[in-house]
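Take a look at the structure set out below.
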2 protein chains.
Amino acid sequence: MRQTQQIQQLLKRNQLSVTDSRLRILELFFQQDGALAHADIEKKSGAGFDRVTIYRTLQTFVDKGIIHTIPTADNAVRYALCKDDCTQGHHQDHHVHFVCERCSTTICLEDVEVPAIRLPEGYTASHAEVVVNGVCRNCSQ
Amino acid sequence: MRQTQQIQQLLKRNQLSVTDSRLRILELFFQQDGALAHADIEKKSGAGFDRVTIYRTLQTFVDKGIIHTIPTADNAVRYALCKDDCTQGHHQDHHVHFVCERCSTTICLEDVEVPAIRLPEGYTASHAEVVVNGVCRNCSQ
DNA sequence: GCTAAATTTGCAACAGAGTTGCAAGAATTT
DNA sequence: AAATTCTTGCAACTCTGTTGCAAATTTAGC
Ligand SMILES: [Mn+2]
Ligand SMILES: [Mn+2]
Ligand SMILES: [Zn+2]
Ligand SMILES: [Zn+2]
């Protein structure tokens, strides 16, 4: 398996020990193009990892800049691979996210940048999150 | 009390019976300019309304177009009064929301419209949510 | 390859957010 | 004021996420 090798290297590059759950969870992210919620991972991982392990693994990946969180209206955090140059403690994912109303897939629109927002006097922006709801490419035909 | 009168009328206009919890919760919203989360209301209401009553009251107000929800990154729904022309089943609040990193107040920027987002081929937008994080007017001096 | 140290995992127990059914209580209608 | 309608509180439950700790696994040194 070529991919397993690549994932191992990704872990080592981030000074993380190579464990079954980390390999499997990253594998899921690489097989998917939409985002994954904790519950999705619990179902799809198969191997019956403990819920807590999954939470901790996801948190570790976020800390290392391997995945990023996506805020959605339904109060369940979703995660997706960082394709930008994110590093430990410094995420760079300034793109728009899309949630499909039909299939409820959550997708990173890597090429759509968050527009600059003109704020009233006295407000200083540090970061903006844009989530667009609508119908995705798959569902619109 | 003049305000109580006004709140009563707001309830009647929406075909809602006038009850202690509804009066009190609306009163809190009118006294506040930031948004309120369920937990805030539970604390500030004083009168010890049941948690379930608060949840149901908030849901009713959202359904009627009296308040709207604000998505934030911390996975706790916040609510604010609708100042736009929202009606039963049809919210019109297309403004930007702001979350202060210092005081964590959540504010509706009624005058800041959500910009149009250009999506890739195949995607259709129906609604976009913009949440800007930063430092608010109060905290920036 | 084996051992010791460092890290990760699973379990149990917990906290918080939100939902549902139902009987009792209040508000509205007549 | 009584009957009807609607709302509330309670209990019980689900789902999401967190923490402490001992056991298991991984890594590093030899
Ligand atoms: Mn993304
Ligand atoms: Mn608002
Ligand atoms: Zn879709
Ligand atoms: Zn502030």
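Residues are referred to by chain and number: the chain letter is A, B, ... according to the order shown in the structure tokens, the number counts from 1 in that chain, and ligands are numbered separately from 1 in the order shown.
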Quick one: contact table of chain B to chain D, 9 Å max, nearest atom pair and distance in Å to one decimal per residue, counting only C-alpha atoms (C1' of nucleotides), chain and number order, as a Markdown table?
| residue | atom | partner | partner_atom | distance |
| --- | --- | --- | --- | --- |
| B:Ser17 | CA | D:DC6 | C1' | 7.7 |
| B:Thr19 | CA | D:DT7 | C1' | 8.1 |
| B:Phe49 | CA | D:DG9 | C1' | 8.7 |
| B:Asp50 | CA | D:DG9 | C1' | 6.4 |
| B:Val52 | CA | D:DG9 | C1' | 8.1 |
| B:Thr53 | CA | D:DT8 | C1' | 6.6 |
**Report entry** Residues of chain C within 10 Å of chain B, only C-alpha atoms (C1' of nucleotides) counted, as JSON, numbers by chain
**Finding:** {"C": [16, 17, 18, 19, 26, 27, 28]}
Pull C-alpha atoms (C1' of nucleotides) from the residues just selected and write them as a short mmCIF file (atom, residue, chain, number, x, y, z; two decimals), in the first residue's frame.
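Final output, result-v1.cif:
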data_model
loop_
_atom_site.label_atom_id
_atom_site.label_comp_id
_atom_site.auth_asym_id
_atom_site.auth_seq_id
_atom_site.Cartn_x
_atom_site.Cartn_y
_atom_site.Cartn_z
"C1'" DG C 16 -23.44 20.26 29.04
"C1'" DA C 17 -26.69 20.83 25.22
"C1'" DG C 18 -30.80 19.61 23.38
"C1'" DT C 19 -35.23 16.57 22.69
"C1'" DA C 26 -51.96 28.71 33.32
"C1'" DA C 27 -54.00 31.61 29.55
"C1'" DT C 28 -57.55 32.36 26.38
#
Report task. Looking only at alpha helix (DSSP H) from DSSP on the backbone, list the matching residues of chain A as a PyMOL selection string. Result -> chain A and resi 2-13+20-31+38-44+51-64
Report task. With a cut-off of 8 Å and counting only C-alpha atoms, select all residues of chain B in contact with chain A and give the selection as a ChimeraX atom specification. Result -> /B:71-73,75-77,112,115,117-138,140
Selection export as a PDB file, in the first residue's frame, atoms kept: C-alpha atoms:
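Ended up saving to result17.pdb:
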ATOM      1  CA  PRO B  71     -23.808  30.290  14.253  1.00  0.00           C
ATOM      2  CA  THR B  72     -20.523  30.522  16.120  1.00  0.00           C
ATOM      3  CA  ALA B  73     -17.421  28.411  16.226  1.00  0.00           C
ATOM      4  CA  ASN B  75     -20.891  25.165  19.096  1.00  0.00           C
ATOM      5  CA  ALA B  76     -23.372  26.984  21.267  1.00  0.00           C
ATOM      6  CA  VAL B  77     -26.294  28.601  19.486  1.00  0.00           C
ATOM      7  CA  VAL B 112     -23.018  45.171   7.195  1.00  0.00           C
ATOM      8  CA  PRO B 115     -21.202  40.045   0.359  1.00  0.00           C
ATOM      9  CA  ILE B 117     -19.772  35.001  -3.021  1.00  0.00           C
ATOM     10  CA  ARG B 118     -18.734  33.752  -6.450  1.00  0.00           C
ATOM     11  CA  LEU B 119     -18.979  29.961  -6.396  1.00  0.00           C
ATOM     12  CA  PRO B 120     -17.422  27.431  -8.778  1.00  0.00           C
ATOM     13  CA  GLU B 121     -19.475  26.004 -11.657  1.00  0.00           C
ATOM     14  CA  GLY B 122     -22.236  23.681 -10.492  1.00  0.00           C
ATOM     15  CA  TYR B 123     -22.796  25.147  -7.049  1.00  0.00           C
ATOM     16  CA  THR B 124     -25.940  27.111  -6.226  1.00  0.00           C
ATOM     17  CA  ALA B 125     -26.059  29.299  -3.134  1.00  0.00           C
ATOM     18  CA  SER B 126     -29.229  29.871  -1.172  1.00  0.00           C
ATOM     19  CA  HIS B 127     -27.834  31.550   1.915  1.00  0.00           C
ATOM     20  CA  ALA B 128     -24.468  32.523   3.340  1.00  0.00           C
ATOM     21  CA  GLU B 129     -23.425  33.004   6.946  1.00  0.00           C
ATOM     22  CA  VAL B 130     -20.553  35.326   7.774  1.00  0.00           C
ATOM     23  CA  VAL B 131     -19.072  35.447  11.247  1.00  0.00           C
ATOM     24  CA  VAL B 132     -16.218  37.862  11.831  1.00  0.00           C
ATOM     25  CA  ASN B 133     -13.992  37.419  14.858  1.00  0.00           C
ATOM     26  CA  GLY B 134     -11.991  40.267  16.302  1.00  0.00           C
ATOM     27  CA  VAL B 135     -12.107  43.031  18.887  1.00  0.00           C
ATOM     28  CA  CYS B 136     -15.314  44.951  19.452  1.00  0.00           C
ATOM     29  CA  ARG B 137     -15.838  48.674  19.928  1.00  0.00           C
ATOM     30  CA  ASN B 138     -16.037  48.434  23.695  1.00  0.00           C
ATOM     31  CA  SER B 140     -10.726  48.297  21.568  1.00  0.00           C
TER      32      SER B 140
END
Requested in this report: Please report, as an MDAnalysis selection string, each residue of chain A to which DSSP assigns strand (DSSP E or B) when run on this structure's backbone.
Outcome: chainID A and resid 36:37 67:70 78:81 87 90 95:100 106:113 124:135
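Every protein, DNA or RNA residue with an atom at most 9 Å from B:Leu16, where only C-alpha atoms (C1' of nucleotides) count and chain neighbours fewer than 5 positions away do not, is listed here: Leu10, Leu11 and Thr60 of chain B.
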**Report entry** Selection as a ChimeraX atom specification: residues within 10 Å of ligand 1 by only C-alpha atoms (C1' of nucleotides) and all ligand atoms
**Finding:** /A:34-35,67-71,78-84,92-98,106-110
**Report entry** Coordinates-based distance that separates atom CA of A:Thr4 from atom CA of A:Gln88 (Å, one decimal)
**Finding:**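 Separation between atom CA of A:Gln88 and atom CA of A:Thr4: 22.2 Å.
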Report task. Calculate how many Å separate atom CA of B:Gly89 from atom CA of B:Lys12, rounding to one decimal. Result ->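 These two atoms are separated by 17.1 Å.
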